[in-house]
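Enquirer: Questions regarding the structure given below will be posed in turn.
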Amino acid sequence: MRATLSTPPAIPVGTLAAGPQPMLSAPGGLLLRPWEPFDAAVFLAAYQDPEIQHWHTHQPASEDQVREWFDQYRQAWAQETGASWAVTRGGSEVLGRIAMGGMNLDDGVAGCAYWVLPAARGAGVASRALTALSVWALGEAGFHRLHLDHSTRNNASCRVAVKAGFLLEGTKRSDAVHSDGRHDMHLHARIRGDEQLA
């Protein structure tokens, strides 16, 4: 049951779901688009990469399961609880994934996550995608705050966050489990008005 708000919602219910999940352009010919069933093979292959396996304990076991995840992504958009995009070169070649989750429309807050395939690393793909997502989310979509966290040992993810204008806010001690045990996590955030940082 939905409680009555004493303040106006940051994003009225139904605003996002009224239209399709947007495609977002980023510099360097990047296009963020919703996942399609034909992406299942490359998505599954991404989780064979040791780095992605290390930092992501939730992993698909088959292409059929990947397609189930894609269905869940579509449902999340319709329910305004999350969104996931394929980060592509020109809409075709998949380079990575970027997502928003835990969408709180009342407060205008959501979390972000990302990974990039090995062949696309080191070229600024993740930071450009995260910046494009942030500009849309904090602008047209109406969010006020985006946050993300990563292991304090994941220096590459930290560089992405900072480059995309996500300020480091602190450390969450022993907050997440990775393949080698519990990790402290850095918390980063970008709020509306921080746009000039990226």
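Naming scheme: A, B, ... for chains in displayed order of the structure tokens; residues 1 onward per chain; ligands 1 onward as shown.
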Mind checking which residues fall within 10 Å of A:Arg121, counting only C-alpha atoms, ignoring those fewer than 4 positions away in the same chain, and posting them as a PyMOL selection string?

Expert: chain A and resi 95-96+115-117+125-126+156

Enquirer: So that each row is one residue of stretch 62-177 of chain A with an atom at most 9 Å from stretch 5-13 of chain A, can you give its shortest atom pair and the distance in Å to one decimal, using only C-alpha atoms, rows by chain and rising number, as a tab-separated table?

Expert:
residue	atom	partner	partner_atom	distance
A:Glu80	CA	A:Val13	CA	7.9
A:Asn104	CA	A:Ile11	CA	8.7
A:Leu105	CA	A:Ile11	CA	5.0
A:Asp106	CA	A:Pro9	CA	4.2
A:Asp107	CA	A:Ala10	CA	5.6
A:Gly108	CA	A:Ala10	CA	5.1
A:Val109	CA	A:Ala10	CA	8.8
A:Ala141	CA	A:Ile11	CA	7.9
A:Gly142	CA	A:Ile11	CA	6.0
A:Phe143	CA	A:Ala10	CA	6.9
A:His144	CA	A:Ala10	CA	7.6

Enquirer: Quick one: pick out all strand (DSSP E) residues within stretch 9-189 of chain A from a backbone DSSP run and write them as a PyMOL selection string.

Expert: chain A and resi 24-26+30-34+83-89+93-104+109-116+145-151+167-178+181-189

Enquirer: List the neighbours of A:Gly170 out to 10 Å using only C-alpha atoms; skip same-chain residues closer than 6 positions along the sequence, and give me the result as a list in words.

Expert: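 Answer for this query is Asp149, Met185, His186, Leu187, His188 and Ala189 of chain A.
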
Enquirer: Please return, as a PyMOL selection string, all residues of chain A that DSSP assigns to alpha helix (DSSP H) on the basis of the backbone.

Expert: chain A and resi 40-46+50-55+63-79+125-138+155-163

Enquirer: Find the residues of stretch 64-155 of chain A that sit at most 10 Å from stretch 21-42 of chain A; for each, write down the nearest two atoms and how far apart they are in Å, to one decimal. Count only C-alpha atoms. Sort by chain, then by number going up, and give it as a Markdown table.

Expert:
| residue | atom | partner | partner_atom | distance |
| --- | --- | --- | --- | --- |
| A:Asp64 | CA | A:Ala40 | CA | 7.9 |
| A:Gln65 | CA | A:Ala40 | CA | 8.8 |
| A:Val66 | CA | A:Ala40 | CA | 5.7 |
| A:Arg67 | CA | A:Pro37 | CA | 5.9 |
| A:Glu68 | CA | A:Pro37 | CA | 9.4 |
| A:Trp69 | CA | A:Ala40 | CA | 9.5 |
| A:Phe70 | CA | A:Trp35 | CA | 6.4 |
| A:Asp71 | CA | A:Pro37 | CA | 9.0 |
| A:Tyr73 | CA | A:Trp35 | CA | 8.3 |
| A:Arg74 | CA | A:Pro34 | CA | 8.3 |
| A:Trp77 | CA | A:Gln21 | CA | 6.9 |
| A:Ala78 | CA | A:Gln21 | CA | 8.8 |
| A:Ala83 | CA | A:Gln21 | CA | 7.6 |
| A:Ser84 | CA | A:Pro34 | CA | 6.5 |
| A:Trp85 | CA | A:Pro34 | CA | 4.6 |
| A:Ala86 | CA | A:Arg33 | CA | 5.4 |
| A:Val87 | CA | A:Leu32 | CA | 4.7 |
| A:Thr88 | CA | A:Leu31 | CA | 5.2 |
| A:Arg89 | CA | A:Leu30 | CA | 4.8 |
| A:Gly90 | CA | A:Leu31 | CA | 5.5 |
| A:Gly91 | CA | A:Leu31 | CA | 5.4 |
| A:Ser92 | CA | A:Leu31 | CA | 8.7 |
| A:Glu93 | CA | A:Val42 | CA | 9.5 |
| A:Val94 | CA | A:Val42 | CA | 7.4 |
| A:Leu95 | CA | A:Leu30 | CA | 9.0 |
| A:Gly96 | CA | A:Leu32 | CA | 9.4 |
| A:Arg97 | CA | A:Leu32 | CA | 8.5 |
| A:Ile98 | CA | A:Leu32 | CA | 8.2 |
| A:Leu117 | CA | A:Val42 | CA | 9.4 |
| A:Ala123 | CA | A:Gly28 | CA | 9.9 |
| A:Gly124 | CA | A:Gly28 | CA | 9.4 |
| A:Val125 | CA | A:Leu30 | CA | 7.9 |
| A:Ser127 | CA | A:Ala26 | CA | 9.7 |
| A:Arg128 | CA | A:Ala26 | CA | 6.0 |
| A:Ala129 | CA | A:Ala26 | CA | 6.1 |
| A:Leu130 | CA | A:Ala26 | CA | 9.0 |
| A:Thr131 | CA | A:Ala26 | CA | 7.9 |
| A:Ala132 | CA | A:Ala26 | CA | 5.5 |
| A:Leu133 | CA | A:Leu24 | CA | 7.1 |
| A:Val135 | CA | A:Leu24 | CA | 9.7 |
| A:Trp136 | CA | A:Leu24 | CA | 7.8 |

Enquirer: Could you name the residues that touch A:His56 at 9 Å or less, counting only C-alpha atoms, but leaving out those on the same chain fewer than 6 positions away, as a ChimeraX atom specification?

Expert: /A:47,178-179

Enquirer: Atoms to include: N, CA and C atoms. Write the selected residues as a short mmCIF file (atom, residue, chain, number, x, y, z; two decimals), in the first residue's frame.

Expert:
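Output (selection22.cif):
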data_model
loop_
_atom_site.label_atom_id
_atom_site.label_comp_id
_atom_site.auth_asym_id
_atom_site.auth_seq_id
_atom_site.Cartn_x
_atom_site.Cartn_y
_atom_site.Cartn_z
N TYR A 47 30.04 -12.27 -18.46
CA TYR A 47 30.18 -12.82 -17.12
C TYR A 47 31.16 -14.00 -17.05
N HIS A 178 32.27 -10.02 -2.26
CA HIS A 178 32.81 -10.30 -3.59
C HIS A 178 33.40 -11.71 -3.56
N SER A 179 34.00 -12.12 -4.66
CA SER A 179 34.45 -13.51 -4.77
C SER A 179 35.51 -13.87 -3.73
#

Enquirer: Between A:Ile52, A:Met100, A:Cys112, A:Ala45, which residue has the minimum interatomic distance to A:Val160, considering only C-alpha atoms?

Expert: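 That would be A:Cys112, the residue with the smallest distance to A:Val160.
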